[in-house]
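*Asks:* Pasting final04.csv below, which is CSV, C-alpha atoms.
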chain,number,residue,atom,x,y,z
A,1,MET,CA,2.4,20.7,23.0
A,2,GLU,CA,3.6,17.8,25.2
A,3,ILE,CA,0.3,17.9,27.2
A,4,TYR,CA,-1.6,17.5,23.9
A,5,LYS,CA,0.6,14.6,22.8
A,6,ILE,CA,0.2,12.4,25.8
A,7,PRO,CA,-3.5,11.8,25.5
A,8,LEU,CA,-2.9,10.9,21.8
A,9,ASP,CA,-0.2,8.4,22.9
A,10,ALA,CA,-2.6,6.8,25.4
A,11,ALA,CA,-5.5,6.8,23.0
A,12,PHE,CA,-3.7,5.2,20.1
A,13,HIS,CA,-2.0,2.7,22.4
A,14,ALA,CA,-5.5,1.8,23.8
A,15,LEU,CA,-6.8,1.3,20.3
A,16,ALA,CA,-4.0,-1.0,19.2
A,17,ASP,CA,-5.8,-4.0,20.5
A,18,PRO,CA,-8.8,-5.8,18.9
A,19,THR,CA,-10.5,-6.5,22.3
A,20,ARG,CA,-10.3,-2.9,23.4
A,21,ARG,CA,-11.5,-1.7,20.0
A,22,ALA,CA,-14.4,-4.0,20.2
A,23,VAL,CA,-15.3,-2.6,23.6
A,24,VAL,CA,-15.1,0.9,22.3
A,25,SER,CA,-17.3,0.0,19.4
A,26,ARG,CA,-19.8,-1.7,21.6
A,27,LEU,CA,-20.0,1.4,23.9
A,28,THR,CA,-20.6,3.7,21.0
A,29,ARG,CA,-24.0,1.9,20.7
A,30,SER,CA,-24.9,2.4,24.4
A,31,PRO,CA,-23.4,2.4,27.8
A,32,ALA,CA,-23.1,-1.1,29.3
A,33,PRO,CA,-22.2,-2.8,32.6
A,34,VAL,CA,-18.9,-4.6,32.8
A,35,LYS,CA,-20.5,-8.1,33.0
A,36,GLU,CA,-22.4,-7.5,29.7
A,37,LEU,CA,-19.3,-6.0,28.0
A,38,ALA,CA,-17.1,-9.0,29.0
A,39,ALA,CA,-19.6,-11.7,27.9
A,40,PRO,CA,-18.7,-11.9,24.1
A,41,PHE,CA,-15.0,-12.3,24.9
A,42,ASP,CA,-13.3,-15.6,25.4
A,43,ILE,CA,-10.9,-14.3,28.0
A,44,GLY,CA,-10.9,-14.4,31.8
A,45,LEU,CA,-12.4,-11.5,33.8
A,46,PRO,CA,-9.1,-10.3,35.2
A,47,ALA,CA,-7.6,-10.0,31.7
A,48,PHE,CA,-10.8,-8.2,30.6
A,49,LEU,CA,-10.6,-5.8,33.5
A,50,LYS,CA,-7.0,-5.0,32.5
A,51,HIS,CA,-8.2,-4.0,29.1
A,52,LEU,CA,-10.9,-1.8,30.6
A,53,ARG,CA,-8.3,-0.2,32.8
A,54,VAL,CA,-6.2,0.7,29.8
A,55,LEU,CA,-9.2,2.2,28.1
A,56,GLU,CA,-10.1,4.2,31.2
A,57,ASP,CA,-6.6,5.4,31.7
A,58,SER,CA,-6.5,6.6,28.1
A,59,GLY,CA,-9.7,8.6,28.7
A,60,LEU,CA,-11.5,6.7,25.9
A,61,ILE,CA,-14.1,5.4,28.4
A,62,THR,CA,-15.3,6.3,31.8
A,63,THR,CA,-16.7,3.8,34.4
A,64,GLU,CA,-19.1,4.6,37.2
A,65,LYS,CA,-20.1,2.2,40.0
A,66,THR,CA,-23.6,2.3,41.4
A,67,GLY,CA,-24.2,-0.4,44.0
A,68,ARG,CA,-22.7,-3.5,42.6
A,69,ILE,CA,-22.9,-2.5,39.0
A,70,ARG,CA,-20.0,-0.8,37.2
A,71,THR,CA,-21.3,1.0,34.0
A,72,CYS,CA,-19.0,1.9,31.2
A,73,ARG,CA,-19.4,4.8,28.8
A,74,VAL,CA,-17.4,5.9,25.8
A,75,ARG,CA,-15.9,9.4,25.8
A,76,ILE,CA,-16.5,10.5,22.3
A,77,GLU,CA,-14.4,13.6,22.6
A,78,ARG,CA,-11.3,11.6,23.1
A,79,LEU,CA,-12.1,9.4,20.1
A,80,ALA,CA,-12.7,12.5,18.1
A,81,GLN,CA,-9.3,13.9,19.1
A,82,ALA,CA,-7.6,10.9,17.7
A,83,GLU,CA,-9.7,11.1,14.5
A,84,SER,CA,-8.9,14.8,14.2
A,85,TRP,CA,-5.2,14.1,14.3
A,86,LEU,CA,-5.6,11.6,11.5
A,87,SER,CA,-7.8,13.9,9.4
A,88,GLU,CA,-5.3,16.7,9.8
A,89,GLN,CA,-2.6,14.5,8.3
A,90,ARG,CA,-4.9,13.6,5.4
A,91,ALA,CA,-5.5,17.3,4.8
A,92,HIS,CA,-1.7,18.0,4.7
A,93,TRP,CA,-1.3,15.1,2.3
A,94,LEU,CA,-4.1,16.3,0.0
A,95,ALA,CA,-2.6,19.8,0.0
A,96,MET,CA,0.8,18.3,-0.9
A,97,THR,CA,-0.7,16.3,-3.8
A,98,ASP,CA,-2.6,19.4,-5.0
A,99,ARG,CA,0.7,21.4,-5.1
A,100,LEU,CA,2.3,18.5,-6.9
A,101,ALA,CA,-0.5,18.4,-9.5
A,102,ALA,CA,-0.3,22.1,-10.0
A,103,TYR,CA,3.5,21.9,-10.5
A,104,ILE,CA,3.2,19.1,-13.0
A,105,GLU,CA,0.5,21.1,-14.9
A,106,THR,CA,2.7,24.2,-15.0
A,107,LYS,CA,5.7,22.1,-16.2
A,108,MET,CA,3.6,20.6,-19.0
A,109,HIS,CA,2.4,24.0,-20.2
A,110,GLU,CA,6.0,25.2,-20.2
A,111,ASP,CA,7.0,22.2,-22.3
A,112,ASP,CA,4.1,22.9,-24.7
A,113,GLU,CA,5.3,26.5,-25.1
A,114,ASP,CA,8.9,25.3,-25.7
A,115,ASP,CA,7.6,23.0,-28.4
A,116,GLY,CA,5.3,25.6,-30.0
B,1,MET,CA,-12.2,-10.1,10.1
B,2,GLU,CA,-8.8,-10.9,11.8
B,3,ILE,CA,-7.0,-10.0,8.6
B,4,TYR,CA,-8.6,-6.5,8.8
B,5,LYS,CA,-7.9,-6.2,12.5
B,6,ILE,CA,-4.1,-6.8,12.3
B,7,PRO,CA,-3.3,-3.7,10.2
B,8,LEU,CA,-5.3,-1.6,12.6
B,9,ASP,CA,-3.4,-3.0,15.6
B,10,ALA,CA,-0.1,-2.2,13.9
B,11,ALA,CA,-1.2,1.2,12.7
B,12,PHE,CA,-2.6,2.4,16.1
B,13,HIS,CA,0.5,0.9,17.9
B,14,ALA,CA,2.8,2.9,15.5
B,15,LEU,CA,0.8,6.1,16.1
B,16,ALA,CA,1.1,5.8,19.9
B,17,ASP,CA,4.4,7.5,20.0
B,18,PRO,CA,5.1,11.3,19.5
B,19,THR,CA,8.3,10.8,17.4
B,20,ARG,CA,6.5,8.4,15.0
B,21,ARG,CA,3.5,10.7,14.7
B,22,ALA,CA,5.9,13.6,14.0
B,23,VAL,CA,7.5,11.5,11.2
B,24,VAL,CA,4.1,10.7,9.7
B,25,SER,CA,3.1,14.3,9.9
B,26,ARG,CA,6.4,15.4,8.2
B,27,LEU,CA,5.9,12.9,5.4
B,28,THR,CA,2.3,14.0,4.6
B,29,ARG,CA,4.0,17.3,3.5
B,30,SER,CA,6.5,15.5,1.1
B,31,PRO,CA,8.6,12.3,0.8
B,32,ALA,CA,12.0,12.7,2.6
B,33,PRO,CA,15.3,11.0,3.0
B,34,VAL,CA,16.0,9.3,6.4
B,35,LYS,CA,18.8,11.8,7.2
B,36,GLU,CA,16.5,14.8,6.8
B,37,LEU,CA,13.7,13.1,8.7
B,38,ALA,CA,16.0,12.3,11.6
B,39,ALA,CA,17.5,15.8,11.9
B,40,PRO,CA,14.8,17.5,14.1
B,41,PHE,CA,14.9,14.7,16.7
B,42,ASP,CA,17.2,14.6,19.7
B,43,ILE,CA,17.7,10.9,19.6
B,44,GLY,CA,20.5,8.6,18.2
B,45,LEU,CA,20.2,7.3,14.7
B,46,PRO,CA,19.7,3.6,15.8
B,47,ALA,CA,16.8,4.6,18.0
B,48,PHE,CA,15.4,6.7,15.1
B,49,LEU,CA,15.7,3.8,12.6
B,50,LYS,CA,13.8,1.6,15.1
B,51,HIS,CA,10.9,4.1,14.9
B,52,LEU,CA,11.1,4.0,11.1
B,53,ARG,CA,11.0,0.2,11.2
B,54,VAL,CA,7.8,0.2,13.3
B,55,LEU,CA,6.2,2.7,10.9
B,56,GLU,CA,7.3,0.6,7.9
B,57,ASP,CA,6.1,-2.7,9.5
B,58,SER,CA,2.7,-1.1,10.2
B,59,GLY,CA,2.4,-0.1,6.6
B,60,LEU,CA,2.0,3.6,7.5
B,61,ILE,CA,5.2,4.4,5.5
B,62,THR,CA,7.3,2.9,2.8
B,63,THR,CA,11.0,3.3,2.3
B,64,GLU,CA,13.0,2.9,-0.9
B,65,LYS,CA,16.7,2.9,-1.3
B,66,THR,CA,18.3,4.5,-4.4
B,67,GLY,CA,22.1,4.5,-4.3
B,68,ARG,CA,22.9,5.6,-0.7
B,69,ILE,CA,19.7,7.5,-0.1
B,70,ARG,CA,16.7,5.9,1.6
B,71,THR,CA,13.6,7.9,0.8
B,72,CYS,CA,10.5,7.6,3.0
B,73,ARG,CA,6.9,8.1,1.9
B,74,VAL,CA,3.6,8.1,3.8
B,75,ARG,CA,1.0,5.5,2.8
B,76,ILE,CA,-2.1,7.6,3.0
B,77,GLU,CA,-4.5,4.6,2.5
B,78,ARG,CA,-3.3,3.0,5.8
B,79,LEU,CA,-3.7,6.3,7.7
B,80,ALA,CA,-7.2,6.6,6.1
B,81,GLN,CA,-8.1,3.1,7.3
B,82,ALA,CA,-7.4,4.1,10.9
B,83,GLU,CA,-9.3,7.3,10.4
B,84,SER,CA,-12.3,5.4,8.9
B,85,TRP,CA,-12.4,3.1,11.9
B,86,LEU,CA,-12.6,6.1,14.2
B,87,SER,CA,-15.2,7.9,12.1
B,88,GLU,CA,-17.4,4.7,12.0
B,89,GLN,CA,-17.4,4.7,15.8
B,90,ARG,CA,-18.4,8.4,15.9
B,91,ALA,CA,-21.2,7.6,13.4
B,92,HIS,CA,-22.5,4.8,15.7
B,93,TRP,CA,-22.3,7.1,18.7
B,94,LEU,CA,-24.2,9.9,16.8
B,95,ALA,CA,-26.9,7.4,15.8
B,96,MET,CA,-27.2,6.3,19.4
B,97,THR,CA,-27.6,9.9,20.7
B,98,ASP,CA,-30.2,10.5,17.9
B,99,ARG,CA,-32.2,7.5,19.1
B,100,LEU,CA,-31.9,8.7,22.7
B,101,ALA,CA,-33.0,12.2,21.8
B,102,ALA,CA,-36.0,10.8,19.8
B,103,TYR,CA,-36.9,8.5,22.8
B,104,ILE,CA,-36.8,11.4,25.3
B,105,GLU,CA,-38.9,13.6,22.9
B,106,THR,CA,-41.5,10.8,22.6
B,107,LYS,CA,-41.6,10.4,26.4
B,108,MET,CA,-42.0,14.1,26.9
B,109,HIS,CA,-45.0,14.1,24.5
B,110,GLU,CA,-46.5,11.2,26.3
B,111,ASP,CA,-46.1,13.0,29.6
B,112,ASP,CA,-47.7,16.1,28.1
B,113,GLU,CA,-50.6,14.0,26.9
B,114,ASP,CA,-51.0,12.4,30.3
B,115,ASP,CA,-51.0,15.8,31.9
B,116,GLY,CA,-53.5,17.3,29.3
Represent the structure of the file as structure tokens.
*Replies:*
Amino acid sequence: MEIYKIPLDAAFHALADPTRRAVVSRLTRSPAPVKELAAPFDIGLPAFLKHLRVLEDSGLITTEKTGRIRTCRVRIERLAQAESWLSEQRAHWLAMTDRLAAYIETKMHEDDEDDG
Amino acid sequence: MEIYKIPLDAAFHALADPTRRAVVSRLTRSPAPVKELAAPFDIGLPAFLKHLRVLEDSGLITTEKTGRIRTCRVRIERLAQAESWLSEQRAHWLAMTDRLAAYIETKMHEDDEDDG
């Protein structure tokens, strides 16, 4: 259980920053070299590389160096893992509201019968 | 855009901790008083209340005090917002892989025609 939890800790932590989310979003459209990824952001390269490191450590992206170019890719299975956790919670919640609705309906029928 | 980003920052930050995720998960099953929520965790009440505060500040839960009982509830729309962001990314990625597959197919046809 703990082993499963740690990747989620790291993934959610990595996603708690708008620059890192923008990088993930960009990489879902295609792999990209670091220089191109950094271009739209008004921050220094060292700060940008720190964000990339957090993303790489979380497993949300991989980077691969060929010659002088480091190419970044999104790891969709890690994103999907975070999404699955959230959709499980929604499923629990929907089941709970279903039970609640069923309970209220039963109560209303009982009240009708008491009245009738 | 910034207004939209801040809730996501807070929501993902709040979810980057196993205790806080366990609380959210518990609350998707039913609202619960703080005392009951805290019971399964082997941490002091002040530390637990700090986690609740992070969750409340992120908008993932609400708390309401009636007499001496504080009841916590999950805010499913905030969870759904985080889930939507992730599912959008997956959609982009699927579109990208579709385009890539189509490109490869076209290339293979071209090669076949060159050979033929």
*Asks:* Might you pull out every residue within 10 Å of Ile69 of chain B, with all atoms listed in the file counted and same-chain residues fewer than 5 positions away left off, and present them as a ChimeraX atom specification?
*Replies:* /B:32-35,63-64
*Asks:* Produce a file of the selected residues containing C-alpha atoms, as a short mmCIF file (atom, residue, chain, number, x, y, z; two decimals), in the frame of the given file.
*Replies:*
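Resulting contents of selection-v2.cif:
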data_model
loop_
_atom_site.label_atom_id
_atom_site.label_comp_id
_atom_site.auth_asym_id
_atom_site.auth_seq_id
_atom_site.Cartn_x
_atom_site.Cartn_y
_atom_site.Cartn_z
CA ALA B 32 12.00 12.70 2.60
CA PRO B 33 15.30 11.00 3.00
CA VAL B 34 16.00 9.30 6.40
CA LYS B 35 18.80 11.80 7.20
CA THR B 63 11.00 3.30 2.30
CA GLU B 64 13.00 2.90 -0.90
#
*Asks:* Given a cut-off of 8 Å, which residues of chain B touch chain A, counting all atoms listed in the file, written out as a count of residues only?
*Replies:* 29
*Asks:* Would you work out the distance separating atom CA of Ile61 of chain A from atom CA of Arg78 of chain A, expressed in Å to one decimal?
*Replies:*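 Taking atom CA of Ile61 of chain A and atom CA of Arg78 of chain A, their separation equals 8.6 Å.
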*Asks:* Have a look at atom CA of Arg20 of chain B and atom CA of Thr62 of chain A and let me know their distance in Å, one decimal.
*Replies:*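 These two atoms are separated by 27.6 Å.
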*Asks:* Just the number, please: distance in Å from atom CA of Ala38 of chain B to atom CA of His51 of chain B, one decimal.
*Replies:*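 Atom CA of His51 of chain B lies at a distance of 10.2 Å from atom CA of Ala38 of chain B.
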*Asks:* Rebuild N, CA and C atoms on segment 45-71 of chain A, as a short mmCIF file (atom, residue, chain, number, x, y, z; two decimals), keeping the file's coordinate frame?
*Replies:*
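File written: selection07.cif
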data_model
loop_
_atom_site.label_atom_id
_atom_site.label_comp_id
_atom_site.auth_asym_id
_atom_site.auth_seq_id
_atom_site.Cartn_x
_atom_site.Cartn_y
_atom_site.Cartn_z
N LEU A 45 -12.01 -12.81 33.33
CA LEU A 45 -12.40 -11.50 33.80
C LEU A 45 -11.21 -10.61 34.17
N PRO A 46 -10.20 -11.15 34.87
CA PRO A 46 -9.10 -10.30 35.20
C PRO A 46 -8.37 -9.68 33.98
N ALA A 47 -8.21 -10.50 32.94
CA ALA A 47 -7.60 -10.00 31.70
C ALA A 47 -8.50 -8.93 31.08
N PHE A 48 -9.82 -9.18 31.13
CA PHE A 48 -10.80 -8.20 30.60
C PHE A 48 -10.72 -6.89 31.33
N LEU A 49 -10.65 -7.01 32.65
CA LEU A 49 -10.60 -5.80 33.50
C LEU A 49 -9.35 -4.97 33.20
N LYS A 50 -8.25 -5.68 32.88
CA LYS A 50 -7.00 -5.00 32.50
C LYS A 50 -7.23 -4.14 31.26
N HIS A 51 -7.92 -4.74 30.28
CA HIS A 51 -8.20 -4.00 29.10
C HIS A 51 -9.08 -2.75 29.39
N LEU A 52 -10.07 -2.93 30.27
CA LEU A 52 -10.90 -1.80 30.60
C LEU A 52 -10.09 -0.70 31.31
N ARG A 53 -9.13 -1.12 32.15
CA ARG A 53 -8.30 -0.20 32.80
C ARG A 53 -7.47 0.67 31.82
N VAL A 54 -6.93 -0.02 30.82
CA VAL A 54 -6.20 0.70 29.80
C VAL A 54 -7.05 1.72 29.07
N LEU A 55 -8.29 1.30 28.76
CA LEU A 55 -9.20 2.20 28.10
C LEU A 55 -9.58 3.39 28.99
N GLU A 56 -9.77 3.11 30.29
CA GLU A 56 -10.10 4.20 31.20
C GLU A 56 -8.97 5.14 31.41
N ASP A 57 -7.77 4.59 31.57
CA ASP A 57 -6.60 5.40 31.70
C ASP A 57 -6.34 6.33 30.52
N SER A 58 -6.71 5.83 29.35
CA SER A 58 -6.50 6.60 28.10
C SER A 58 -7.55 7.69 27.96
N GLY A 59 -8.60 7.63 28.77
CA GLY A 59 -9.70 8.60 28.70
C GLY A 59 -10.70 8.25 27.58
N LEU A 60 -10.54 7.08 26.95
CA LEU A 60 -11.50 6.70 25.90
C LEU A 60 -12.83 6.25 26.47
N ILE A 61 -12.80 5.75 27.71
CA ILE A 61 -14.10 5.40 28.40
C ILE A 61 -14.04 5.91 29.81
N THR A 62 -15.22 6.02 30.39
CA THR A 62 -15.30 6.30 31.80
C THR A 62 -16.11 5.12 32.43
N THR A 63 -15.89 4.84 33.70
CA THR A 63 -16.70 3.80 34.40
C THR A 63 -17.21 4.43 35.67
N GLU A 64 -18.41 3.99 36.06
CA GLU A 64 -19.10 4.60 37.20
C GLU A 64 -19.77 3.42 37.96
N LYS A 65 -19.52 3.33 39.25
CA LYS A 65 -20.10 2.20 40.00
C LYS A 65 -21.33 2.71 40.77
N THR A 66 -22.43 2.00 40.60
CA THR A 66 -23.60 2.30 41.40
C THR A 66 -24.06 0.96 42.01
N GLY A 67 -23.98 0.90 43.32
CA GLY A 67 -24.20 -0.40 44.00
C GLY A 67 -23.18 -1.37 43.58
N ARG A 68 -23.63 -2.51 43.02
CA ARG A 68 -22.70 -3.50 42.60
C ARG A 68 -22.41 -3.53 41.11
N ILE A 69 -23.03 -2.58 40.43
CA ILE A 69 -22.90 -2.50 39.00
C ILE A 69 -21.96 -1.43 38.53
N ARG A 70 -20.93 -1.78 37.74
CA ARG A 70 -20.00 -0.80 37.20
C ARG A 70 -20.44 -0.56 35.70
N THR A 71 -20.86 0.65 35.39
CA THR A 71 -21.30 1.00 34.00
C THR A 71 -20.21 1.69 33.27
#
